[in-house]
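Listing of coords-v1.txt; format and content: compact mmCIF, C-alpha atoms and all ligand atoms.
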# COMPACT_ATOMS: atom_id res chain seq x y z
CA MET A 1 -40.97 -61.61 -51.18
CA TYR A 2 -38.57 -61.30 -48.17
CA LYS A 3 -36.77 -64.50 -49.06
CA GLU A 4 -36.36 -63.46 -52.69
CA VAL A 5 -34.90 -60.10 -51.63
CA VAL A 6 -32.26 -61.80 -49.50
CA GLN A 7 -31.46 -64.19 -52.35
CA PHE A 8 -31.24 -61.35 -54.85
CA ILE A 9 -28.90 -59.28 -52.67
CA ARG A 10 -26.65 -62.28 -52.01
CA GLU A 11 -26.55 -62.88 -55.77
CA VAL A 12 -25.68 -59.34 -56.86
CA TYR A 13 -22.94 -59.16 -54.19
CA HIS A 14 -21.67 -62.67 -55.01
CA GLN A 15 -21.88 -63.46 -51.32
CA PRO A 16 -23.89 -66.66 -50.77
CA GLU A 17 -23.32 -66.62 -47.02
CA GLY A 18 -22.06 -64.47 -44.13
CA PHE A 19 -23.06 -61.00 -43.00
CA ILE A 20 -23.62 -58.29 -45.63
CA PRO A 21 -23.43 -54.77 -44.17
CA LEU A 22 -25.60 -51.91 -45.42
CA HIS A 23 -22.73 -49.80 -46.76
CA GLU A 24 -18.98 -50.39 -46.65
CA PRO A 25 -16.14 -48.16 -47.85
CA ARG A 26 -13.97 -49.37 -50.73
CA PHE A 27 -10.24 -48.57 -50.83
CA VAL A 28 -9.20 -49.70 -54.27
CA GLY A 29 -7.32 -46.66 -55.62
CA ASN A 30 -4.45 -44.50 -54.39
CA GLU A 31 -5.55 -44.49 -50.73
CA ARG A 32 -2.47 -46.17 -49.26
CA LYS A 33 -0.08 -44.23 -51.44
CA TYR A 34 -1.48 -40.80 -50.56
CA VAL A 35 -1.87 -41.51 -46.83
CA MET A 36 1.73 -42.81 -46.62
CA ASP A 37 2.86 -39.75 -48.54
CA ALA A 38 1.09 -37.47 -46.03
CA ILE A 39 2.85 -39.30 -43.17
CA ASP A 40 6.24 -39.09 -44.90
CA SER A 41 5.74 -35.35 -45.44
CA THR A 42 5.18 -34.92 -41.64
CA PHE A 43 2.21 -32.67 -42.56
CA VAL A 44 -0.54 -34.74 -40.96
CA SER A 45 -2.54 -31.91 -39.39
CA SER A 46 -4.66 -29.08 -40.71
CA VAL A 47 -2.11 -27.66 -43.16
CA GLY A 48 -0.77 -29.61 -46.11
CA ALA A 49 -0.77 -30.24 -49.82
CA TYR A 50 -3.66 -32.72 -49.70
CA VAL A 51 -5.96 -30.21 -48.01
CA ASP A 52 -5.34 -27.79 -50.87
CA LYS A 53 -5.75 -30.54 -53.46
CA PHE A 54 -8.96 -31.74 -51.81
CA GLU A 55 -10.42 -28.22 -52.02
CA GLU A 56 -9.52 -27.95 -55.71
CA MET A 57 -11.05 -31.33 -56.45
CA MET A 58 -14.27 -30.48 -54.61
CA SER A 59 -14.59 -27.23 -56.50
CA ASP A 60 -14.00 -29.12 -59.79
CA ILE A 61 -16.48 -31.88 -59.02
CA THR A 62 -19.28 -29.66 -57.74
CA GLY A 63 -18.72 -26.75 -60.11
CA ALA A 64 -18.85 -24.38 -57.13
CA LYS A 65 -16.21 -21.66 -57.29
CA TYR A 66 -14.85 -22.32 -53.80
CA ALA A 67 -14.55 -25.31 -51.50
CA VAL A 68 -13.31 -25.28 -47.91
CA ALA A 69 -12.19 -28.47 -46.17
CA ILE A 70 -13.89 -28.98 -42.80
CA VAL A 71 -13.41 -31.61 -40.11
CA ASN A 72 -16.86 -33.19 -40.69
CA GLY A 73 -20.21 -32.52 -42.30
CA THR A 74 -22.01 -31.55 -39.09
CA ASN A 75 -19.51 -28.80 -38.30
CA ALA A 76 -19.50 -27.71 -41.94
CA LEU A 77 -23.24 -27.12 -41.64
CA HIS A 78 -22.87 -25.29 -38.34
CA LEU A 79 -20.26 -22.95 -39.80
CA ALA A 80 -22.19 -22.44 -43.05
CA LEU A 81 -25.29 -21.44 -41.08
CA GLN A 82 -23.35 -19.00 -38.91
CA LEU A 83 -21.80 -17.41 -42.01
CA THR A 84 -25.24 -17.18 -43.62
CA GLY A 85 -26.18 -14.93 -40.70
CA VAL A 86 -28.16 -17.33 -38.53
CA LYS A 87 -28.23 -15.98 -34.99
CA ASN A 88 -29.50 -16.90 -31.55
CA ASN A 89 -33.27 -17.41 -31.38
CA ASP A 90 -33.76 -17.39 -35.17
CA GLU A 91 -35.68 -20.17 -36.87
CA VAL A 92 -34.24 -22.30 -39.67
CA LEU A 93 -36.58 -24.20 -41.99
CA THR A 94 -35.68 -27.81 -42.67
CA GLN A 95 -37.24 -31.23 -43.20
CA PRO A 96 -38.14 -33.53 -40.28
CA LEU A 97 -37.02 -36.57 -42.29
CA THR A 98 -33.23 -36.23 -42.10
CA PHE A 99 -30.21 -37.44 -40.20
CA ILE A 100 -29.99 -35.81 -36.75
CA ALA A 101 -26.89 -33.80 -37.74
CA THR A 102 -29.04 -31.36 -39.75
CA ALA A 103 -31.16 -30.42 -36.73
CA ASN A 104 -28.19 -30.47 -34.35
CA ALA A 105 -26.17 -28.06 -36.52
CA ILE A 106 -29.13 -25.64 -36.51
CA LYS A 107 -29.10 -25.79 -32.70
CA TYR A 108 -25.30 -25.23 -32.57
CA ALA A 109 -25.89 -22.03 -34.54
CA GLY A 110 -28.26 -20.97 -31.73
CA ALA A 111 -31.38 -21.36 -33.86
CA ILE A 112 -34.56 -23.42 -33.66
CA PRO A 113 -35.37 -25.96 -36.38
CA HIS A 114 -38.73 -25.32 -38.03
CA PHE A 115 -39.89 -28.51 -39.73
CA VAL A 116 -41.59 -28.46 -43.12
CA ASP A 117 -42.96 -31.54 -44.88
CA VAL A 118 -41.17 -33.57 -47.55
CA ASP A 119 -42.08 -34.62 -51.07
CA MET A 120 -43.31 -38.20 -51.55
CA GLU A 121 -40.89 -38.90 -54.43
CA THR A 122 -37.64 -37.17 -53.41
CA MET A 123 -38.24 -37.69 -49.66
CA GLY A 124 -36.64 -34.23 -49.29
CA LEU A 125 -38.15 -30.81 -48.59
CA SER A 126 -41.29 -30.22 -50.67
CA PRO A 127 -41.38 -26.86 -52.49
CA ASP A 128 -45.21 -26.99 -52.56
CA LYS A 129 -45.54 -27.69 -48.85
CA LEU A 130 -42.96 -24.99 -48.17
CA ALA A 131 -44.84 -22.40 -50.23
CA GLN A 132 -48.14 -23.35 -48.61
CA HIS A 133 -46.69 -23.22 -45.10
CA LEU A 134 -44.93 -19.88 -45.57
CA GLU A 135 -48.15 -18.47 -46.98
CA GLU A 136 -49.79 -19.32 -43.66
CA ILE A 137 -47.11 -18.39 -41.14
CA ALA A 138 -44.71 -15.89 -42.74
CA GLU A 139 -44.85 -12.15 -42.28
CA MET A 140 -42.47 -9.74 -44.02
CA ARG A 141 -41.18 -6.78 -42.05
CA GLN A 142 -38.82 -4.46 -43.93
CA GLY A 143 -37.73 -7.24 -46.23
CA VAL A 144 -37.11 -9.71 -43.41
CA CYS A 145 -39.18 -12.86 -42.96
CA TYR A 146 -40.73 -13.59 -39.55
CA ASN A 147 -42.83 -16.42 -38.22
CA LYS A 148 -45.95 -14.54 -37.16
CA ASN A 149 -46.88 -17.25 -34.63
CA THR A 150 -43.60 -17.13 -32.70
CA GLY A 151 -42.34 -13.65 -33.62
CA ARG A 152 -38.96 -15.13 -34.49
CA ARG A 153 -36.97 -14.35 -37.63
CA ILE A 154 -36.74 -17.10 -40.27
CA ALA A 155 -33.05 -16.86 -41.07
CA ALA A 156 -32.34 -19.76 -43.45
CA CYS A 157 -33.70 -22.86 -45.12
CA VAL A 158 -31.81 -26.17 -45.19
CA PRO A 159 -33.14 -28.71 -47.70
CA MET A 160 -31.44 -32.12 -47.64
CA HIS A 161 -30.96 -34.44 -50.64
CA THR A 162 -32.19 -37.64 -49.00
CA PHE A 163 -30.03 -40.72 -49.73
CA GLY A 164 -28.61 -38.80 -52.72
CA LEU A 165 -31.98 -38.24 -54.44
CA PRO A 166 -31.95 -34.55 -55.44
CA VAL A 167 -34.76 -32.35 -54.12
CA TYR A 168 -36.52 -29.87 -56.43
CA ILE A 169 -33.86 -27.36 -55.46
CA ASP A 170 -34.67 -24.69 -58.08
CA GLN A 171 -38.29 -24.51 -56.89
CA ILE A 172 -37.25 -24.42 -53.24
CA ILE A 173 -34.88 -21.53 -53.93
CA GLU A 174 -37.59 -19.72 -55.86
CA VAL A 175 -39.99 -19.96 -52.91
CA CYS A 176 -37.28 -18.87 -50.47
CA ASN A 177 -36.31 -15.92 -52.67
CA THR A 178 -39.83 -14.49 -52.38
CA TYR A 179 -39.26 -14.31 -48.63
CA ASN A 180 -35.55 -13.32 -48.73
CA ILE A 181 -34.62 -16.58 -47.02
CA PRO A 182 -31.10 -17.82 -47.89
CA VAL A 183 -30.76 -21.52 -48.73
CA VAL A 184 -27.96 -23.72 -47.40
CA GLU A 185 -28.02 -27.20 -48.95
CA ASP A 186 -27.29 -30.19 -46.78
CA ALA A 187 -25.69 -32.22 -49.57
CA ALA A 188 -23.93 -34.54 -47.10
CA GLU A 189 -25.40 -37.59 -48.84
CA SER A 190 -25.38 -36.39 -52.43
CA LEU A 191 -21.81 -36.20 -53.73
CA GLY A 192 -22.15 -37.17 -57.40
CA SER A 193 -25.88 -36.27 -57.58
CA TYR A 194 -27.06 -33.71 -60.10
CA TYR A 195 -30.21 -31.71 -60.65
CA LYS A 196 -30.81 -30.38 -64.18
CA GLY A 197 -27.16 -31.09 -64.90
CA GLN A 198 -25.84 -29.04 -61.98
CA HIS A 199 -24.22 -30.65 -58.95
CA THR A 200 -26.26 -30.68 -55.75
CA GLY A 201 -24.90 -28.38 -53.07
CA SER A 202 -23.96 -25.69 -55.60
CA PHE A 203 -27.38 -24.02 -55.94
CA GLY A 204 -27.83 -22.16 -52.67
CA LYS A 205 -25.80 -19.61 -50.75
CA ALA A 206 -23.63 -22.55 -49.67
CA GLY A 207 -23.73 -26.33 -49.59
CA ILE A 208 -22.11 -28.84 -47.30
CA PHE A 209 -20.79 -32.37 -47.85
CA SER A 210 -19.79 -35.21 -45.54
CA PHE A 211 -16.96 -37.71 -45.98
CA ASN A 212 -17.84 -39.91 -43.05
CA GLY A 213 -17.01 -43.62 -43.29
CA ASN A 214 -20.49 -44.58 -44.46
CA LYS A 215 -20.83 -41.99 -47.25
CA THR A 216 -20.23 -42.54 -50.98
CA VAL A 217 -16.61 -41.44 -50.65
CA THR A 218 -14.85 -41.16 -47.31
CA SER A 219 -11.92 -39.47 -45.63
CA GLY A 220 -12.50 -41.40 -42.41
CA GLY A 221 -14.16 -38.29 -41.05
CA GLY A 222 -14.46 -35.09 -43.02
CA GLY A 223 -16.62 -32.43 -44.55
CA ALA A 224 -16.64 -29.51 -46.94
CA ILE A 225 -18.41 -26.22 -47.51
CA VAL A 226 -18.87 -25.15 -51.14
CA THR A 227 -20.00 -21.73 -52.27
CA ASN A 228 -19.77 -19.31 -55.20
CA ASP A 229 -19.27 -16.38 -52.83
CA LYS A 230 -15.60 -15.57 -52.35
CA ASP A 231 -16.11 -13.62 -49.14
CA PHE A 232 -18.09 -16.53 -47.67
CA ALA A 233 -15.28 -18.98 -48.53
CA VAL A 234 -12.57 -16.74 -47.10
CA LYS A 235 -14.54 -16.33 -43.87
CA ALA A 236 -15.19 -20.09 -43.67
CA LYS A 237 -11.50 -20.81 -43.90
CA HIS A 238 -10.69 -18.10 -41.34
CA LEU A 239 -13.29 -19.13 -38.75
CA SER A 240 -12.46 -22.82 -39.17
CA THR A 241 -8.83 -22.13 -38.22
CA GLN A 242 -9.49 -20.40 -34.87
CA ALA A 243 -9.84 -17.05 -36.69
CA LYS A 244 -6.06 -16.82 -36.73
CA ILE A 245 -4.62 -13.94 -38.70
CA SER A 246 -1.88 -15.26 -40.92
CA HIS A 247 1.54 -14.31 -39.54
CA ARG A 248 4.88 -16.09 -39.50
CA TRP A 249 5.18 -16.21 -35.71
CA GLU A 250 2.51 -14.11 -34.00
CA TYR A 251 -0.64 -15.54 -32.40
CA ALA A 252 -3.25 -13.02 -33.46
CA HIS A 253 -6.97 -13.77 -33.65
CA ASP A 254 -9.82 -11.44 -34.56
CA ALA A 255 -12.95 -13.49 -33.72
CA ILE A 256 -14.15 -16.51 -31.81
CA GLY A 257 -13.20 -19.18 -34.27
CA TYR A 258 -13.31 -22.96 -34.33
CA ASN A 259 -10.89 -25.82 -34.80
CA TYR A 260 -12.86 -27.15 -37.75
CA ARG A 261 -10.16 -27.81 -40.35
CA MET A 262 -9.80 -31.22 -41.98
CA PRO A 263 -6.42 -32.82 -41.17
CA ASN A 264 -4.09 -33.40 -44.12
CA ILE A 265 -3.96 -37.14 -43.43
CA ASN A 266 -7.73 -37.34 -43.88
CA ALA A 267 -7.53 -35.10 -46.94
CA ALA A 268 -5.02 -37.57 -48.44
CA LEU A 269 -7.57 -40.36 -48.08
CA ALA A 270 -10.29 -38.06 -49.46
CA CYS A 271 -8.24 -37.18 -52.57
CA ALA A 272 -7.70 -40.84 -53.41
CA GLN A 273 -11.42 -41.50 -52.93
CA LEU A 274 -12.53 -38.44 -54.93
CA GLU A 275 -10.51 -39.74 -57.89
CA GLN A 276 -12.98 -42.65 -57.93
CA VAL A 277 -16.22 -40.74 -57.45
CA ASP A 278 -17.39 -41.27 -61.05
CA SER A 279 -16.72 -45.02 -61.01
CA PHE A 280 -18.34 -45.40 -57.57
CA VAL A 281 -21.44 -43.51 -58.69
CA LYS A 282 -21.67 -45.48 -61.94
CA ASN A 283 -21.37 -48.72 -59.97
CA LYS A 284 -24.13 -47.59 -57.60
CA ARG A 285 -26.39 -46.47 -60.44
CA ASP A 286 -25.97 -49.85 -62.14
CA LEU A 287 -27.00 -51.52 -58.89
CA SER A 288 -30.03 -49.24 -58.60
CA ASP A 289 -31.13 -50.33 -62.10
CA LEU A 290 -30.92 -53.97 -61.03
CA TYR A 291 -32.95 -53.20 -57.90
CA ALA A 292 -35.55 -51.21 -59.86
CA ASP A 293 -35.96 -54.11 -62.23
CA PHE A 294 -36.18 -56.67 -59.46
CA PHE A 295 -38.70 -54.76 -57.34
CA SER A 296 -40.95 -54.08 -60.33
CA ASN A 297 -42.07 -57.70 -59.86
CA PHE A 298 -43.64 -56.93 -56.49
CA GLU A 299 -46.82 -54.92 -56.22
CA ASP A 300 -46.47 -54.03 -52.56
CA VAL A 301 -42.97 -52.59 -52.80
CA LYS A 302 -41.87 -49.35 -54.38
CA PHE A 303 -38.20 -48.80 -55.24
CA MET A 304 -37.43 -45.12 -54.66
CA ARG A 305 -36.06 -43.64 -57.89
CA GLU A 306 -34.63 -40.32 -58.98
CA THR A 307 -37.17 -37.87 -60.37
CA GLU A 308 -37.17 -36.40 -63.84
CA ASN A 309 -34.26 -33.98 -64.51
CA SER A 310 -32.17 -35.44 -61.74
CA LYS A 311 -29.29 -37.87 -61.56
CA ALA A 312 -28.93 -39.52 -58.17
CA ASN A 313 -25.80 -41.12 -56.73
CA TYR A 314 -27.98 -43.79 -55.05
CA TRP A 315 -25.85 -43.51 -51.92
CA LEU A 316 -28.33 -45.68 -50.04
CA ASN A 317 -31.00 -47.51 -51.99
CA ALA A 318 -34.45 -47.26 -50.47
CA ILE A 319 -37.70 -49.14 -50.82
CA MET A 320 -41.15 -48.28 -49.52
CA LEU A 321 -43.24 -51.09 -48.07
CA LYS A 322 -47.02 -51.28 -47.78
CA ASP A 323 -47.33 -50.43 -44.10
CA LYS A 324 -45.45 -50.36 -40.81
CA LYS A 325 -46.26 -53.98 -40.09
CA SER A 326 -44.72 -55.29 -43.31
CA ARG A 327 -41.78 -52.93 -42.81
CA ASP A 328 -41.09 -54.40 -39.38
CA ALA A 329 -41.41 -57.95 -40.69
CA PHE A 330 -39.04 -57.13 -43.57
CA LEU A 331 -36.44 -55.65 -41.19
CA GLN A 332 -36.69 -58.69 -38.94
CA TYR A 333 -36.40 -61.23 -41.76
CA THR A 334 -33.51 -59.62 -43.64
CA ASN A 335 -31.42 -58.83 -40.55
CA ASP A 336 -31.99 -62.36 -39.21
CA ALA A 337 -30.79 -63.66 -42.58
CA GLY A 338 -27.52 -61.68 -42.28
CA VAL A 339 -28.42 -59.01 -44.83
CA MET A 340 -28.45 -55.69 -43.03
CA THR A 341 -31.34 -53.34 -43.72
CA ARG A 342 -32.56 -50.43 -41.63
CA PRO A 343 -35.52 -48.11 -41.41
CA ILE A 344 -35.35 -44.48 -42.47
CA TRP A 345 -34.72 -42.04 -39.60
CA GLN A 346 -37.24 -41.34 -36.90
CA LEU A 347 -38.80 -37.94 -37.54
CA MET A 348 -36.87 -35.12 -35.85
CA ASN A 349 -40.07 -33.57 -34.48
CA ARG A 350 -40.76 -36.81 -32.58
CA LEU A 351 -37.45 -36.69 -30.69
CA GLU A 352 -37.49 -35.30 -27.16
CA MET A 353 -35.04 -32.47 -28.02
CA PHE A 354 -37.08 -31.18 -30.95
CA LYS A 355 -40.65 -32.03 -30.00
CA ASP A 356 -41.66 -28.43 -29.27
CA CYS A 357 -40.20 -26.97 -32.47
CA PRO A 358 -42.55 -25.21 -34.91
CA LYS A 359 -43.75 -27.35 -37.84
CA SER A 360 -46.04 -27.56 -40.84
CA ASP A 361 -48.44 -30.39 -41.59
CA LEU A 362 -46.06 -33.37 -41.83
CA SER A 363 -48.31 -36.03 -43.33
CA ASN A 364 -45.89 -37.10 -46.11
CA ALA A 365 -42.96 -37.42 -43.71
CA GLU A 366 -45.13 -39.40 -41.29
CA PHE A 367 -46.21 -41.75 -44.07
CA LEU A 368 -42.65 -42.35 -45.28
CA ALA A 369 -41.18 -42.70 -41.78
CA ASP A 370 -43.33 -45.79 -41.19
CA ARG A 371 -42.56 -47.50 -44.49
CA VAL A 372 -39.15 -46.70 -45.97
CA VAL A 373 -36.21 -49.06 -45.54
CA ASN A 374 -32.62 -48.85 -46.78
CA ILE A 375 -31.17 -51.92 -48.43
CA THR A 376 -27.62 -53.00 -49.23
CA SER A 377 -25.83 -50.28 -51.19
CA SER A 378 -22.04 -50.72 -51.05
CA VAL A 379 -20.08 -50.35 -54.27
CA ARG A 380 -19.79 -53.86 -55.70
CA ILE A 381 -16.25 -55.03 -56.40
CA ASN A 382 -15.33 -56.70 -59.70
CA GLU A 383 -18.37 -55.42 -61.58
C1 LIG B 401 -23.79 -37.72 -42.73
C2 LIG B 401 -24.69 -36.55 -42.63
C3 LIG B 401 -24.32 -35.36 -42.00
C4 LIG B 401 -23.15 -35.19 -41.13
O1 LIG B 401 -21.95 -35.55 -41.54
P1 LIG B 401 -20.76 -35.96 -40.57
O2 LIG B 401 -19.59 -35.86 -41.48
O3 LIG B 401 -21.04 -37.35 -40.11
O4 LIG B 401 -20.69 -34.98 -39.46
C5 LIG B 401 -25.17 -34.27 -42.07
N1 LIG B 401 -26.36 -34.35 -42.67
C6 LIG B 401 -26.77 -35.49 -43.26
C7 LIG B 401 -28.10 -35.51 -43.90
C8 LIG B 401 -25.96 -36.63 -43.24
O5 LIG B 401 -26.41 -37.76 -43.79

Show the structure stored in the file as C-alpha cells.
Amino acid sequence: MYKEVVQFIREVYHQPEGFIPLHEPRFVGNERKYVMDAIDSTFVSSVGAYVDKFEEMMSDITGAKYAVAIVNGTNALHLALQLTGVKNNDEVLTQPLTFIATANAIKYAGAIPHFVDVDMETMGLSPDKLAQHLEEIAEMRQGVCYNKNTGRRIAACVPMHTFGLPVYIDQIIEVCNTYNIPVVEDAAESLGSYYKGQHTGSFGKAGIFSFNGNKTVTSGGGGAIVTNDKDFAVKAKHLSTQAKISHRWEYAHDAIGYNYRMPNINAALACAQLEQVDSFVKNKRDLSDLYADFFSNFEDVKFMRETENSKANYWLNAIMLKDKKSRDAFLQYTNDAGVMTRPIWQLMNRLEMFKDCPKSDLSNAEFLADRVVNITSSVRINE
C-alpha cells in the first residue's frame, strides 16, 4: 500500500521525482500587484486600505457581521477569549487534539485548559462527550457554571474544526447554552468550510481564523476575529491597537491594550488570496474526492471525510491507519520517498505544560492520536 500511495501522490501532483511538501502556498492571483500597491502607498503598517478591505472580505465570506484583522490566529484567539470574559484562574473547555496555539491562547488569557474528548468522525470536540462530562463535573451557581472538582469557573468553550472538517457546532452550542458557557470557535483551519450551509467560525460568540503560511489562504502571518456582536468587534479593534483613543495628535489610552493589528502589507497579500478562496477550496475538494476513491481500495486505511450536513475545505487531508505500528511505518516510507507526511498532533494533555489540566475520558482522542496522518494537500496547479 505505501508504495502505491507515493505513486498516486506523485501522479496527482504531476511530480514524478523530487521532494513534495505537505502544504505549500500558491500565489497565482493579484498578490504581487496588491503588495506593490501597499508599498507604493507607504501605508505598510497597521493602518491602510487593505486592512479595511480585508475586514470587509472576511465579513462577506463568513457571513459574520463584523471582522477584525489581527496579527495572527493565536493572538486573535487570546483577544477573543479575553473579550468573552475569560479571567485569571478560570477554566476553558477545549479538545486535546489540536494545534498547540489553542491551549497556549487559553493560558495567555490566564485560564486553564480543560480537555474534553473528540468525535471519531470530525476529530473535533464531541457534543456527546461534552454533555456527558459536564453532567458529571458541572455545578451551576447563580447561573454560572463551575467545575465542582476544582471549584473554578468554566468561562468558555473552544471547539476547533480539525483540518477544516466542521465539528457538530450546533449541538456543541446547545450543550454549552444549558450551562451558560459562551463558545469561541477556533476556525483557524476552516476558512471555506461550512456546517449546514453556514460558515464555520460564525456560530459562536466569536470565531477566529489564521492566515499563516501553511493555511488554505495566507497573508504571510495573520489572523482575524469574526463576530455578530458590534460591541465585541469595536472592543477587539480598540484593544488590538494599544487601546488608543482616536485623536489627531494626542496619545490617550484607556486600557492595557495590545499591538495585535495586522499590517497593511500582509492585508494586501491576504486580499489577493481571499479573492481565490473559492477556487482553492474547489481544487482541494476535487483532490479529496480522488483520495477518497483511491483509499477505498485499501481495507486498513480510512480516508477522513466530512460528515453529513457539512462542507469541508480539506485544508489538510487525513487518513487513519490500522495501528501505531503501521502509522510509523507509513511515515517512514513516505518521508524516505520524498513525499512529506506527518502525524496528527500529540495530545495537549500529554505535554509537560498541560499534563495536570482537568480532563474528561479521552479515549477517542487517544485512539486517533496514534493512527491519523496528514498527506499531501497543496492546491494543485493547472487542474
Ligand atoms: C494555525 C492555527 C492557529 C494559530 O494560528 P497562527 O496564525 O499560526 O497564530 C490556532 N489554532 C489552530 C487550530 C491552528 O491550526

Give me the residues near Phe367 of chain A as a list in words, where near means some atom within 10 Å (using only C-alpha atoms) and where sequence neighbours in that chain fewer than 4 positions away do not count.
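Contacts, in chain order: Met120, Met320, Asp323, Lys324, Leu362, Ser363, Arg371 and Val372 of chain A.
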
For Tyr146 of chain A, which residue among A:Asn180, A:Gln7, A:Ser378, A:Ser193 is the nearest when counting all atoms listed in the file?
A:Asn180

Check which residues fall inside 6 Å of ligand LIG 401 (chain B) when counting all atoms listed in the file, and print them as a list of chain:residue names.
A:Asn72, A:Gly73, A:Thr74, A:Thr98, A:Phe99, A:Ala101, A:Thr102, A:Asp186, A:Ala188, A:Glu189, A:Ser210, A:Phe211, A:Asn212, A:Gly221, A:Gly222, A:Gly223

Spatial neighbours of Gln242 of chain A, 10 Å, only C-alpha atoms, chain gap at least 3 places, as number ranges by chain
A: 237-239, 245, 252-261

Which residue gives the smallest distance to Lys33 of chain A among A:Arg152, A:Val175, A:Gly207, A:Ile265, with all atoms listed in the file counted?
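Nearest to Lys33 of chain A: A:Ile265.
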
For atom CA of Leu22 of chain A and atom CA of Arg327 of chain A, the interatomic separation in Å (one decimal):
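Computing it gives 16.4 Å between the two atoms.
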
For Gln332 of chain A: contacts at 10 Å, all atoms listed in the file, fewer than 6 positions along chain excluded, given as JSON, numbers by chain
{"A": [2, 326, 340, 341, 342]}

As a check of understanding: the span from atom CA of Val301 of chain A to atom CA of Arg350 of chain A is 25.7 Å

Residue among A:Asn335, A:Asn364, A:Thr122, A:Asn349 lying closest to Val5 of chain A, counting all atoms listed in the file
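Distance minimum relative to Val5 of chain A lands on A:Asn335.
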